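Down below is the structure, laid out as structure tokens.
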Amino acid sequence: MLPIILAIYAGPEEQALIARLQHRDPQALAELYDSYGRAAYALVLRVVRDRAIAEDLVQETFLRVWNRIHLIDSGKGAIGPWLLAIARNRAIDYLRSSAGRERNRIELSEIEHAPLYREMEAEILISDQARRVKAAMDRLAPNYRTVMELAYFEGLSQTEMSIKLGQPLGTIKTWVRTALQSLRDELGVAVPS
Amino acid sequence: MNCDELRDHYDLYALDIAEGPEPGEIRAHLQRGCEVCMAGMKRSLETVTLIGAGAPWAEPSSQLRRRILASVGLEQPAGLPWWAAALAVAALGVVALYLAAGSKQYEQTAARLRTEVREQTAQIAGLTEAFAILSGPNTTEASFGGAQPRPPQGKVFLNPARGVLLIASNLPRTPAHKIYEMWIIPKGAKPVPAGLFQSQEGRAMHVQSGAVDVASTAAVAVTVENEAGAGQPTTQPVIVAALPVAPR
């Protein structure tokens with residue numbers, strides 16, 4: 001859990017770091033790696049379960065950030081969550097292609113849409129959300145935790161989870177919704193209704 | 001669909017597990033900068049990002065950092081183990097020796113080519129002189145060796161302004177440290193040295209440039225002398241071309 005928390009709770013120099021990356025300062029990439037490299041690796045490894053592949057995907061992630069850094073707002077962008085989203089998407093992409101699974105309905109790159117990560121960092125820093133999410137995950141009922149892990153770490157759609165777990169699709173949707181609501185309760189964020 | 005209808009699907013979209021028409025609708029809202037959907041999606045992405053906190057701790061290899069930085073030109077790729085480095089140094093040494101040997105070979109080749117160029121330049125200059133003598137309107141020629149069974153044979157050409165040209169064949173190989181020396185023999189006077197030359201496969205062409213008094217020349221002769229040449233003939237002539245003074 002620690003790497004992710006460290007990633008989310010980055011220091012105040014974050015915006016300066018983004019600006020330096022946008023000015024193609026390679027040393028800034030080194031600092032970015034020192035901040036988020038382990039977090040990205042832990043996340044990707046959890047998805048692909050292969051160290052060599054995980055390292056390849058993390059390298060790909062950092063290069064993607066390096067090449068698209070101009071898309072993020074240097075004044076308000078949250079590079080940590082953005083980078084981790086890219087890392088997760090690279091890993092899920094790999095998992096799907098290696099398993100011959102059809103790509104999901106959403107282009108993963110859309111979730112990497114940089115403007116979505118504006119001012120995210122500040123909100124996350126307000127409360128100890130990461131720790132609470134972890135605690136919430138631990139407290140989830142096994143079936144809820146399972147659907148969250150299948151969704152997040154394996155990228156399974158609700159239909160795929162239904163088949164995998166042998167549960168009706170409606171049940172899976174309920175579990176997913178309940179699990180997310182529990183997590184939001186821990187975060188103190190109102191569930192959209 | 002309006003934003004209220006899409007709110008329940010933000011989390012699923014952020015997790016990339018949304019199905020049905022909603023993902024396309026959310027995408028359209030985001031693409032047109034819908035503030036409600038942007039805010040909802042941002043909140044969902046926060047949650048989704050934090051779910052990654054469940055990933056167990058894992059440490060990447062030290063090579064990964066190097067690889068990433070090398071890919072943008074900041075650092076060299078992972079360092080070599082000592083034995084590989086030693087092997088690389090040894091290989092570089094071999095390459096350096098090879099290049100040095102090659103360099104020496106190139107120098108030798110260049111020197112040989114320079115010599116050949118000099119020789120060919122001299123030959124061209126000689127041929128130019130020879131052509132000038134042969135084509136000169138006042139050139140006089142004389143033959144030699146025609147009466148002997150296998151004597152040196154050939155002709156001499158004398159041009160008052162250009163000099164003397166000797167063309168010979170059937171020339172015997174000179175002994176070691178010996179050379180052919182041409183003489184211009186004036187009427188009633190001592191032979192005048194007219195240059196040294198060697199034969200190649202029994203043939204020779206020799207030019208003595210400079211003005212020559214053809215009218216007062218009795219003959220052109222060739223003797224075999226020491227390599228340094230002689231002031232006066234020391235051996236019997238192998239060629240004697242007597243000039244019948246007759247302008248061409």
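The way I read the labels, and the way they are meant: chains A, B, ... in the order of the structure tokens, residue 1 as the first residue of every chain, and ligand 1 as the first ligand shown, with later ones counted on from there.
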Determine, using only C-alpha atoms, which residues of chain B have any atom at most 9 Å from an atom of chain A, and tabulate each with its shortest atom pair and distance in Å to one decimal place, rows ordered by chain and then rising number, as a tab-separated table.
```
residue	atom	partner	partner_atom	distance
B:Asp4	CA	A:Ser193	CA	8.1
B:Arg7	CA	A:Pro192	CA	5.8
B:Asp8	CA	A:Pro192	CA	6.2
B:Tyr10	CA	A:Pro192	CA	8.6
B:Asp11	CA	A:Leu180	CA	7.8
B:Leu12	CA	A:Val176	CA	8.7
B:Tyr13	CA	A:Ile106	CA	7.5
B:Ala14	CA	A:Ile111	CA	6.3
B:Leu15	CA	A:Tyr152	CA	6.2
B:Asp16	CA	A:Ile106	CA	6.2
B:Ile17	CA	A:Ser157	CA	4.4
B:Ala18	CA	A:Ser157	CA	6.9
B:Glu19	CA	A:Arg105	CA	6.7
B:Gly20	CA	A:Arg105	CA	8.3
B:Pro23	CA	A:Ile106	CA	6.5
B:Gly24	CA	A:Ile106	CA	7.8
B:Arg27	CA	A:Glu110	CA	7.9
B:Met38	CA	A:Leu116	CA	6.5
B:Ala39	CA	A:Leu116	CA	8.0
B:Gly40	CA	A:Pro192	CA	7.9
B:Met41	CA	A:Leu116	CA	7.1
B:Lys42	CA	A:Leu116	CA	5.4
B:Arg43	CA	A:Met120	CA	8.2
B:Leu45	CA	A:Leu116	CA	8.0
B:Glu46	CA	A:Met120	CA	7.0
B:Thr47	CA	A:Arg184	CA	7.3
B:Val48	CA	A:Tyr152	CA	7.6
B:Thr49	CA	A:Pro81	CA	6.1
B:Leu50	CA	A:Ala130	CA	5.7
B:Ile51	CA	A:Val133	CA	6.7
B:Gly52	CA	A:Leu43	CA	6.2
B:Ala53	CA	A:Met1	CA	4.7
B:Gly54	CA	A:Met1	CA	5.6
B:Ala55	CA	A:Leu43	CA	5.4
B:Pro56	CA	A:Met1	CA	5.8
B:Trp57	CA	A:Ala42	CA	5.8
B:Ala58	CA	A:Ala42	CA	4.9
B:Glu59	CA	A:Arg38	CA	6.1
B:Pro60	CA	A:Tyr41	CA	6.4
B:Ser61	CA	A:Glu55	CA	8.2
B:Leu64	CA	A:Glu55	CA	6.4
B:Arg65	CA	A:Tyr33	CA	7.1
B:Arg67	CA	A:Gln59	CA	7.4
B:Ile68	CA	A:Gln59	CA	5.5
B:Leu69	CA	A:Ala30	CA	6.5
B:Ser71	CA	A:Leu63	CA	7.9
B:Val72	CA	A:Pro26	CA	6.7
B:Gly73	CA	A:Pro26	CA	7.5
B:Leu74	CA	A:Pro26	CA	5.8
```
Can you list, as a ChimeraX atom specification, every protein, DNA or RNA residue that comes within 6 Å of region 168-182 of chain B when you count only C-alpha atoms, leaving out same-chain residues fewer than 2 positions away?
/B:152-154,194-198,202-204,221-227
Would you save the residues from that selection as a PDB file, in the first residue's frame, using C-alpha atoms?
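Once written, result-v3.pdb looks like this:
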```pdb
ATOM      1  CA  PRO B 152      70.239  -3.762 -79.705  1.00  0.00           C
ATOM      2  CA  GLN B 153      68.128  -2.162 -82.357  1.00  0.00           C
ATOM      3  CA  GLY B 154      66.352   1.135 -82.592  1.00  0.00           C
ATOM      4  CA  ALA B 194      73.626  12.413 -72.210  1.00  0.00           C
ATOM      5  CA  GLY B 195      71.929  10.687 -69.294  1.00  0.00           C
ATOM      6  CA  LEU B 196      71.519   7.311 -67.620  1.00  0.00           C
ATOM      7  CA  PHE B 197      68.761   4.745 -68.138  1.00  0.00           C
ATOM      8  CA  GLN B 198      67.826   1.137 -67.574  1.00  0.00           C
ATOM      9  CA  GLY B 202      65.035  -5.518 -73.331  1.00  0.00           C
ATOM     10  CA  ARG B 203      63.421  -2.238 -74.272  1.00  0.00           C
ATOM     11  CA  ALA B 204      64.197   1.341 -73.399  1.00  0.00           C
ATOM     12  CA  ALA B 221      76.307   5.991 -78.492  1.00  0.00           C
ATOM     13  CA  VAL B 222      75.408   3.949 -75.432  1.00  0.00           C
ATOM     14  CA  THR B 223      77.808   2.224 -73.056  1.00  0.00           C
ATOM     15  CA  VAL B 224      77.386   0.236 -69.871  1.00  0.00           C
ATOM     16  CA  GLU B 225      78.786   2.113 -66.915  1.00  0.00           C
ATOM     17  CA  ASN B 226      78.753   2.036 -63.139  1.00  0.00           C
ATOM     18  CA  GLU B 227      75.477   3.149 -61.534  1.00  0.00           C
TER      19      GLU B 227
END
```
For CA of Ala125 (chain B) and CA of Thr139 (chain B), quote the distance in Å rounded to one decimal.
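Rounded to one decimal, the two atoms are 18.8 Å apart.
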Looking only at the backbone, which of the residues in region 74-145 of chain B does DSSP tag as alpha helix (DSSP H), as a ChimeraX atom specification?
/B:82-135
Print the selection's residues with C-alpha atoms to a file, as a tab-separated table (two decimals), in the first residue's frame.
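Writing done, so here's out_38.tsv:
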```tsv
chain	number	residue	atom	x	y	z
B	82	TRP	CA	33.15	-6.39	-14.40
B	83	TRP	CA	33.91	-9.36	-16.61
B	84	ALA	CA	31.85	-7.96	-19.44
B	85	ALA	CA	33.57	-4.61	-19.04
B	86	ALA	CA	36.97	-6.34	-19.12
B	87	LEU	CA	35.91	-8.25	-22.19
B	88	ALA	CA	34.77	-5.04	-23.80
B	89	VAL	CA	38.10	-3.38	-23.03
B	90	ALA	CA	39.97	-6.35	-24.48
B	91	ALA	CA	37.79	-6.25	-27.56
B	92	LEU	CA	38.46	-2.54	-27.91
B	93	GLY	CA	42.18	-3.27	-27.68
B	94	VAL	CA	41.95	-5.80	-30.48
B	95	VAL	CA	40.00	-3.35	-32.54
B	96	ALA	CA	42.57	-0.63	-31.85
B	97	LEU	CA	45.42	-2.93	-32.91
B	98	TYR	CA	43.52	-3.91	-35.99
B	99	LEU	CA	42.90	-0.29	-36.83
B	100	ALA	CA	46.54	0.58	-36.16
B	101	ALA	CA	47.66	-2.23	-38.46
B	102	GLY	CA	45.13	-1.10	-40.97
B	103	SER	CA	46.36	2.45	-40.62
B	104	LYS	CA	49.96	1.34	-41.25
B	105	GLN	CA	48.81	-0.65	-44.24
B	106	TYR	CA	46.96	2.37	-45.54
B	107	GLU	CA	50.11	4.48	-45.12
B	108	GLN	CA	52.15	1.94	-47.03
B	109	THR	CA	49.56	1.79	-49.76
B	110	ALA	CA	49.47	5.57	-49.94
B	111	ALA	CA	53.28	5.73	-50.18
B	112	ARG	CA	53.29	3.13	-52.94
B	113	LEU	CA	50.60	5.00	-54.82
B	114	ARG	CA	52.50	8.26	-54.42
B	115	THR	CA	55.61	6.60	-55.88
B	116	GLU	CA	53.59	5.19	-58.75
B	117	VAL	CA	52.09	8.58	-59.42
B	118	ARG	CA	55.53	10.19	-59.42
B	119	GLU	CA	56.82	7.53	-61.80
B	120	GLN	CA	53.85	7.86	-64.07
B	121	THR	CA	54.15	11.62	-64.00
B	122	ALA	CA	57.80	11.29	-65.01
B	123	GLN	CA	56.83	8.85	-67.73
B	124	ILE	CA	54.19	11.21	-69.01
B	125	ALA	CA	56.71	14.05	-68.97
B	126	GLY	CA	59.17	11.84	-70.86
B	127	LEU	CA	56.53	10.85	-73.38
B	128	THR	CA	55.60	14.48	-73.84
B	129	GLU	CA	59.21	15.34	-74.49
B	130	ALA	CA	59.56	12.36	-76.79
B	131	PHE	CA	56.46	13.37	-78.72
B	132	ALA	CA	57.77	16.91	-79.02
B	133	ILE	CA	61.06	15.63	-80.42
B	134	LEU	CA	59.37	13.18	-82.78
B	135	SER	CA	56.95	15.81	-84.08
```
Residue with smallest distance to Asp213 (chain B) - pool B:Leu158, B:Ile26, B:Ile239, B:Met1, counting only C-alpha atoms:
B:Leu158
Residue contacts of Ala142 (chain B) (12 Å, only C-alpha atoms) excluding same-chain residues fewer than 5 positions away, as a PyMOL selection string
chain B and resi 153-159+164-168+214+217-221+239-248
